[in-house]
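Have a look at the structure below before the remarks.
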4 protein chains.
Amino acid sequence: MAKLWAKGYRLNELIEQFTVGDDYLLDQDLVRFDALASIAHVKMLERIRLLTKSESRRLRRVLRGVIVQDRKGTFKIKRSDEDVHTRVENHITAQLGDVGRKLHTGRSRNDQVIVDLRLYGKEKLLELQAEVAGLAGTLVAFARKHEFVPMAGRTHTQKAMLSSIGLWAGAFAESLLDDLKLIDGAYDLSDQCPLGSAASYGVPLPIDRQYVSDQLGFSRVQSNVLYANNSRGKMEAIALSALVQVTLDLSKLATDLIFFSVPELAYFTFPDEFCTGSSIMPQKKNPAGMEMVRAKSTTVSRCLFQILDTIKGLPSGYNRDFQETKEPFFKGLRETLQIVRVCDVVMKGLKVNRQALIDACTPELFAADHALRMAASGIPFRTAYHEVAKRLNEIEQEDPVANIRKKRHMGAPGNLGLAAVGQRVKREERRIQHESARFDRTLKKLLRP
Amino acid sequence: MAKLWAKGYRLNELIEQFTVGDDYLLDQDLVRFDALASIAHVKMLERIRLLTKSESRRLRRVLRGVIVQDRKGTFKIKRSDEDVHTRVENHITAQLGDVGRKLHTGRSRNDQVIVDLRLYGKEKLLELQAEVAGLAGTLVAFARKHEFVPMAGRTHTQKAMLSSIGLWAGAFAESLLDDLKLIDGAYDLSDQCPLGSAASYGVPLPIDRQYVSDQLGFSRVQSNVLYANNSRGKMEAIALSALVQVTLDLSKLATDLIFFSVPELAYFTFPDEFCTGSSIMPQKKNPAGMEMVRAKSTTVSRCLFQILDTIKGLPSGYNRDFQETKEPFFKGLRETLQIVRVCDVVMKGLKVNRQALIDACTPELFAADHALRMAASGIPFRTAYHEVAKRLNEIEQEDPVANIRKKRHMGAPGNLGLAAVGQRVKREERRIQHESARFDRTLKKLLRP
Amino acid sequence: MAKLWAKGYRLNELIEQFTVGDDYLLDQDLVRFDALASIAHVKMLERIRLLTKSESRRLRRVLRGVIVQDRKGTFKIKRSDEDVHTRVENHITAQLGDVGRKLHTGRSRNDQVIVDLRLYGKEKLLELQAEVAGLAGTLVAFARKHEFVPMAGRTHTQKAMLSSIGLWAGAFAESLLDDLKLIDGAYDLSDQCPLGSAASYGVPLPIDRQYVSDQLGFSRVQSNVLYANNSRGKMEAIALSALVQVTLDLSKLATDLIFFSVPELAYFTFPDEFCTGSSIMPQKKNPAGMEMVRAKSTTVSRCLFQILDTIKGLPSGYNRDFQETKEPFFKGLRETLQIVRVCDVVMKGLKVNRQALIDACTPELFAADHALRMAASGIPFRTAYHEVAKRLNEIEQEDPVANIRKKRHMGAPGNLGLAAVGQRVKREERRIQHESARFDRTLKKLLRP
Amino acid sequence: MAKLWAKGYRLNELIEQFTVGDDYLLDQDLVRFDALASIAHVKMLERIRLLTKSESRRLRRVLRGVIVQDRKGTFKIKRSDEDVHTRVENHITAQLGDVGRKLHTGRSRNDQVIVDLRLYGKEKLLELQAEVAGLAGTLVAFARKHEFVPMAGRTHTQKAMLSSIGLWAGAFAESLLDDLKLIDGAYDLSDQCPLGSAASYGVPLPIDRQYVSDQLGFSRVQSNVLYANNSRGKMEAIALSALVQVTLDLSKLATDLIFFSVPELAYFTFPDEFCTGSSIMPQKKNPAGMEMVRAKSTTVSRCLFQILDTIKGLPSGYNRDFQETKEPFFKGLRETLQIVRVCDVVMKGLKVNRQALIDACTPELFAADHALRMAASGIPFRTAYHEVAKRLNEIEQEDPVANIRKKRHMGAPGNLGLAAVGQRVKREERRIQHESARFDRTLKKLLRP
């Protein structure tokens, strides 16, 4: 279809193919948000009398139709459409003629795509927060269920001191709670409305940016119109920076689970339905899900790095390079969501082999405890340490469960405060549900005739 | 000097050289924090009666001595010392004998280095926040001074629409204000006390982790002892994720300034004292500072990537790999501080060539405005756009200053709200000063006999 | 369809979706190579009498059918097929029954996918080499056509000394010739046949790996069966390391062209059909192709980084993580090919504005020449340098064309040896054509009944 | 000391500190090469009569003195010296007055630093190649010594099929032999002399670049003077791309060794003197060396990424950004050398626990063999596979050594061709020694009066 900027020449086909790339396919995910943002824009143009009530009504009707078609999968963007914005404007104009030609008054595709990405990002970040909180809850439940099941704690992959399933799983729960703060911080920065910044330099019209922002449920306008455009890629990178922490945590979980489930350790068993097999070895049950969590954690970092390196050193104002930040943004969000869900399913199905765990609690795990108890009785710790080191083979086996119960300082295996951690998870869940409901309500309101 | 873990064999020299690397040199920056954390630890041991009042007094006296020596530059760590913790413990034991051997009771080097890094990080993040707020203030002042000086706004590096110095500089100020939120978020996550988590698995002693945390001015204990250790590298990466946004912003500033100061544009002139010359070309005045801001922005990203990639997929608990996150953490903080300071100096000294800027405001910059004004008069925007496109050479030159003043919607060149932005900067500065004062006061209190 | 390893349980749907991801879509590009490698495998099994002549004939017939269907786009892989290998084996078994069940004798999907990727990689690397040589030829032609057109040479983006179009374009031609060596080196390492290494540990059958290798046109067998599997990702990374050099060169070309075509310099003009427009600004002609070359050069690096970071620290033998290296490998190859083609088209269409280039050759460009000529006449160079520096405004304008012609040392603007560079390009083109023809011939031979 | 480009103003102190950074410290490693390149340059200037015989003799004498002082550690560069080139020229001029001022005739610091880096890089790459070949030799020796010691081969970290120490160690040897090709390819591209390209644009003097290149032992001149400068960073990145493959291989070795030496597997034992201890746990012997190999493999990749991302998108000609590629280039080379040496020491000292290895060879390792032998007897493989899968607990234990000896196809555990791999290593060693001797001889020749 005709480009919005068509001026009587045809773009070189190779250049078109190259510059559009898969962007028109990615834009398919933005149709709904593009239409919603256009509805808000139309309401504002009506408010400042650049559209009549009737024009506004007709435009919004067709825009709602776009959303319906999109939901049915029948509003398709083609490469020759260039992008979602062109596709929508051309569609409207085909339906409404001159009224459609008024839609773009006071904005540019530059601020349009940013507002689309913000709405998309906000929705996904809310979804992700819900999943992360859910996984944190699953981990707390797992930790509480097996709170006093002993485990050989490790440093340097070697056996170190006594640990517990409660400690191990609780560590991931607390880490995810910290990650939620990061995601929420990223959400807050994304919660600024760029619409009306146009091509970075504003417009000579009395547009009401605050009104548009309110209509779309943003907490505030991103004021400086050049900053709004300069922040393309920036907000995406900030979001992925938060996500990367989630995937790093879960890459650790995956590494632990792969290691803990080798036959020589057998602390955990994956249910069959979580394991893939081999085309040549009949006996294989492979922890493919956990390996992919580990690998895809690299993929998500790569998405972050790609955005950061693409925008580095770009001059102020829009540059076409920005387009290349869309794929990693979408991919990073999508993959992280999947990673979190897979870990949740796995933690819910994981079988704990209590006896194998207890059997692994060999005497050397108590060497440090022994020295520390000597220190408590007055022997200088360093002296006690060297004493124990000299007689390592004399260290006595201890009852690991009793040992766990005796470590009572804050955060120690015998005092993990899991109930409190569980409370924190609940509070987060409520916060997220509340904001999700608000977000949905606002967007639904836009759909009213 | 003797390793803390010496057991009658000598570490292979190559392995020692390789595993210690430059870590003992980096640890020099941690001496003060290591001693402060030890003082808090000693006070806690006294409180739970594992040290007598007199032992505590003597230990703290020697630890204060370490801080004094460090300030004078006479407390040096050698490679054979392995690290700062060994150096300090050996020093104390050399001074106090058996009392020194009690210092390590209830902790490990694992939690010690984390607490050192947290204190170091908090101090640097406060310093950096002050500098970033300062630069934001400088940019606001620059924007206000030249608020209505016109500038050719660009997209795709090509001339686009009319801009202004106020808009351009104000965009960076707003961006840095957003970055401050990120740094503050990172600061908050770093504000958790890991001490007492020991080797990841706690200790069988009634240590009082809350007390230590309060003494060191942390807002809270990082509870789960395994999480405390798993978060090594994580908090550093979170901090650098925030810093990267600052350096990306300033890489854009640098790119703009390099471009805007080529003789063909000459919008800005760097004072001579900011420029380096050539060994072969007598005429050269090179914007080396800005080129280094651009290059070092890559360096800071690389520091982040190094940390993320080093910790990815590590199993739970301490791994020696963590050591390799120290250098990029220090480097990232140091380089970002320098980048911000350099930009501040440059923005304060930059000369604005008003006439060159005005001369660059050629008619094509007003093409969009022309079409938009036609739209305001009722012609559908897309129709107006094509009309203007057909008669590009008929676009009339406008008075750029008048044009700026007429763009009055929120965030447009004629309504930048710079006073309000300035107020936000002031509020940030007060917040940072307040927290810095609190942090300093707490640490000073620890030095009392 | 049934998994090859089906053992009476269904894989959890989420785990399946997650672990397969888009891999089944990517595998579509491997169908032809998978079938070809299977044909070679079948011929070998016949040779060592594990298949009868008739079984071999039937299997190869169906495999050729797969290739025909693939060419027509009718051989589709579905997610439930898991991968191309499963899809093909199931297809064969559906056609041939028990004979199909023999196809997998003596191999694993692990070595199968590697051989597929090697063949795919070899084909793409040959294609890419041809394109790179073609672009080098285009640049030499451009350089020769405008060999003595002067240009303001720059360092630090600032004006430095006199340059020429010949020098500028010739620099890229020579750089690409060096890149061809890297690609050829990568091709050579990919030219090792992994088939028969099975699941990393070989098979207890007298398979003839040399025969398979010869049939598929590899220069040698990758001998150690564990190395063959450990090198998954490695060869891909080696290939992308070479490609990255191409894209970096062309990111420089793109940066130069974007800068040289701003109206203030106007050295070059892009034909209209290479430029995109704006939705709001009627006058815009944006160098979007060059911006995307710049951005996609980051994308290609990111593909390399993703592979390197995914395989880092993996244990020996196959790990599912490897799957995640396929997408960046394909993407890196595809994007680089596009980048090279776009640059070729652009360099062929670029308009040179001779007068603007000459006008930009202002006196300061001759300052160093002036000092150097003083040095040639006996004044110590450093003294001459300072003399000239003192009287910069006295430097006389020179005839730039004459200046170029006088710089006659090797590689200087007046002695670029472009004819010789052109000869090198021709030699490379012949080398590549020769190898491509050999590769095609070998694969075609496999298709004989 | 005075800048070469001093023009009567002082560089702002912060800008100086920032732009010079640690570059003056890094340049300390270039003193010898800078002096050698200057000697070659002086000989050339004498040859083309821009220096008299006596001037040449005096200059070369002082330059040799610089090399002697540098060897003694008394030729120090200070920050105010800016760089090695300034330091040397100022030193010469202080010694020789006007003759010293002639040294810089016909060159720029831009081509000087490149030639220094090329010579430095060539020396280090030769050193590294020798170490890599040495380690390959050590691995072959290890593989031959334990060729038929069985090992549980793994995929997905889980037990897969029977392997052997010979196979495992031989895989790394073959991989390193491939890496040597990459390093040699990088060496070849670095083997081009950039001197005489000056500030990217050549000089109006009849300099003899071929003569300089021959004097310095380069295989050829890097002709196009702009390409010589554009390739700053490029050659460094090419070198590190090769190194990264070495470190990735060794990160795999490290991961394997850490895993294979946990007490639950105990295949290998590190000698005590390779292990570090814990400050709190008396029993710990940690494989810190291998953990650092794993971590530093990330560091080396980071060095590569930093160079690639720094040079991406820079305009043609020198940019100050290039300076920031020096540190990662040096660091990457240094760390890789260390990594290789540490692995060599470790492989030489590693204890093999034959019994533990044999005990780990449990029946499931033979499941695939079983199915394959059924296939050899005529049962379709896929049918055999499913048969075996149904009766996994009936698989009989096999004699693992006999099993190894029976797998006789190329590259299988029973036919590794280790003698031939050993021969390849020897050939590489001879090639490297030959080139090293030639390189040393050439540079020594330059030192003759």
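Ligands are numbered from 1 in the order shown, residues from 1 within each chain, and chains are lettered A, B, ... in the order they appear in the structure tokens.
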
Stretch 246-263 of chain A surroundings by only C-alpha atoms, 8 Å radius, close-in-sequence under 4 positions cut, as a PyMOL selection string: (chain A and resi 172+175-176+179+242+267-270+287+290-291+293-295+297+300+336+339-340+343) or (chain B and resi 308+311-316) or (chain D and resi 157-159)

Which polymer residues have any atom within 12 Å of an atom of B:Gly97, counting only C-alpha atoms, with same-chain residues fewer than 3 positions away left out, as a tab-separated table (two decimals) with C-alpha atoms, in the first residue's frame?
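That gives us selection.tsv:
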```
chain	number	residue	atom	x	y	z
A	380	PRO	CA	40.51	-18.20	69.54
A	382	ARG	CA	41.89	-19.14	64.11
A	383	THR	CA	43.49	-21.54	66.59
B	55	GLU	CA	39.22	-7.48	73.86
B	58	ARG	CA	41.85	-3.46	71.81
B	59	LEU	CA	40.64	-4.90	68.54
B	62	VAL	CA	44.05	-1.57	66.11
B	89	GLU	CA	43.66	-10.35	60.26
B	90	ASN	CA	47.37	-11.06	60.08
B	91	HIS	CA	48.11	-7.47	61.07
B	92	ILE	CA	45.79	-7.64	64.06
B	93	THR	CA	47.17	-10.96	65.19
B	94	ALA	CA	50.71	-9.64	64.89
B	100	GLY	CA	43.50	-11.13	66.96
B	101	ARG	CA	42.82	-14.79	66.32
B	102	LYS	CA	39.29	-14.19	67.61
B	103	LEU	CA	38.44	-11.54	65.06
```

DSSP-assigned alpha helix (DSSP H) members of stretch 29-186 of chain B, reported as a ChimeraX atom specification: /B:31-47,53-72,84-96,98-101,109-145,165-186

Gap from atom CA of C:Gln423 to atom CA of D:Ala237 - Å, one decimal: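 Computed distance, atom CA of C:Gln423 to atom CA of D:Ala237, equals 27.4 Å.
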
Nearby residues (only C-alpha atoms) at most 9 Å from D:Lys76, same-chain spacing under 6 positions excluded, as a list in words: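 Listing them by chain and then by number gives Leu25, Gln28, Gln69, Asp70 and Arg87 of chain D.
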
Restricted to N, CA and C atoms, what would the selected residues look like written as a short mmCIF file (atom, residue, chain, number, x, y, z; two decimals), in the first residue's frame?
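Contents of result_9.cif, as written:
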```cif
data_model
loop_
_atom_site.label_atom_id
_atom_site.label_comp_id
_atom_site.auth_asym_id
_atom_site.auth_seq_id
_atom_site.Cartn_x
_atom_site.Cartn_y
_atom_site.Cartn_z
N LEU D 25 50.50 4.44 31.14
CA LEU D 25 51.01 3.24 31.81
C LEU D 25 51.05 2.06 30.84
N GLN D 28 53.96 1.91 28.49
CA GLN D 28 55.24 1.42 28.99
C GLN D 28 55.63 0.11 28.27
N GLN D 69 67.55 1.45 28.55
CA GLN D 69 66.93 2.02 29.76
C GLN D 69 65.61 1.32 30.07
N ASP D 70 64.85 1.06 29.03
CA ASP D 70 63.56 0.40 29.22
C ASP D 70 63.75 -0.98 29.84
N ARG D 87 57.05 10.96 24.76
CA ARG D 87 58.14 10.73 25.70
C ARG D 87 59.45 10.49 24.97
#
```

Within 10 Å of chain C: each chain B residue with its shortest pair, only C-alpha atoms, as a tab-separated table:
```
residue	atom	partner	partner_atom	distance
B:Thr155	CA	C:Asn286	CA	8.3
B:His156	CA	C:Asn286	CA	6.1
B:Thr157	CA	C:Val262	CA	7.2
B:Gln158	CA	C:Val262	CA	5.8
B:Lys159	CA	C:Val262	CA	7.9
B:Ala160	CA	C:Met281	CA	7.1
B:Met161	CA	C:Met281	CA	7.8
B:Ile258	CA	C:Thr157	CA	7.3
B:Phe259	CA	C:Thr157	CA	7.6
B:Ser261	CA	C:Gln158	CA	8.5
B:Val262	CA	C:Gln158	CA	5.8
B:Pro263	CA	C:Gln158	CA	7.5
B:Glu264	CA	C:Glu264	CA	6.0
B:Leu265	CA	C:Glu264	CA	6.9
B:Ser278	CA	C:Ala160	CA	9.3
B:Ser279	CA	C:Tyr385	CA	8.5
B:Ile280	CA	C:Ala368	CA	6.0
B:Met281	CA	C:Ala368	CA	4.6
B:Pro282	CA	C:Ala389	CA	4.8
B:Gln283	CA	C:Ala389	CA	6.1
B:Lys284	CA	C:Ala160	CA	7.1
B:Lys285	CA	C:Gln158	CA	8.1
B:Asn286	CA	C:His156	CA	6.1
B:Pro287	CA	C:His156	CA	7.0
B:Ala288	CA	C:His156	CA	7.4
B:Met290	CA	C:His156	CA	9.8
B:Glu291	CA	C:His156	CA	7.6
B:Asp309	CA	C:Asp309	CA	7.2
B:Thr310	CA	C:Asp309	CA	9.7
B:Lys312	CA	C:Asp309	CA	9.3
B:Gly313	CA	C:Gly313	CA	8.9
B:Leu314	CA	C:Gly313	CA	9.7
B:Ala360	CA	C:Glu264	CA	8.9
B:Glu364	CA	C:Gln283	CA	6.5
B:Leu365	CA	C:Gln283	CA	8.4
B:Phe366	CA	C:Met281	CA	8.7
B:Ala367	CA	C:Pro282	CA	6.2
B:Ala368	CA	C:Met281	CA	4.6
B:Asp369	CA	C:Met281	CA	8.3
B:His370	CA	C:Met281	CA	9.5
B:Ala371	CA	C:Pro282	CA	8.1
B:Leu372	CA	C:Ile280	CA	8.6
B:Phe381	CA	C:Ile280	CA	8.9
B:Arg382	CA	C:Ile280	CA	8.5
B:Ala384	CA	C:Pro282	CA	9.3
B:Tyr385	CA	C:Pro282	CA	5.7
B:His386	CA	C:Pro282	CA	6.9
B:Glu387	CA	C:Pro282	CA	8.7
B:Val388	CA	C:Pro282	CA	6.4
B:Ala389	CA	C:Pro282	CA	4.8
B:Lys390	CA	C:Pro282	CA	8.5
B:Arg391	CA	C:Gln283	CA	9.5
B:Leu392	CA	C:Gln283	CA	6.6
B:Asn393	CA	C:Gln283	CA	9.6
```
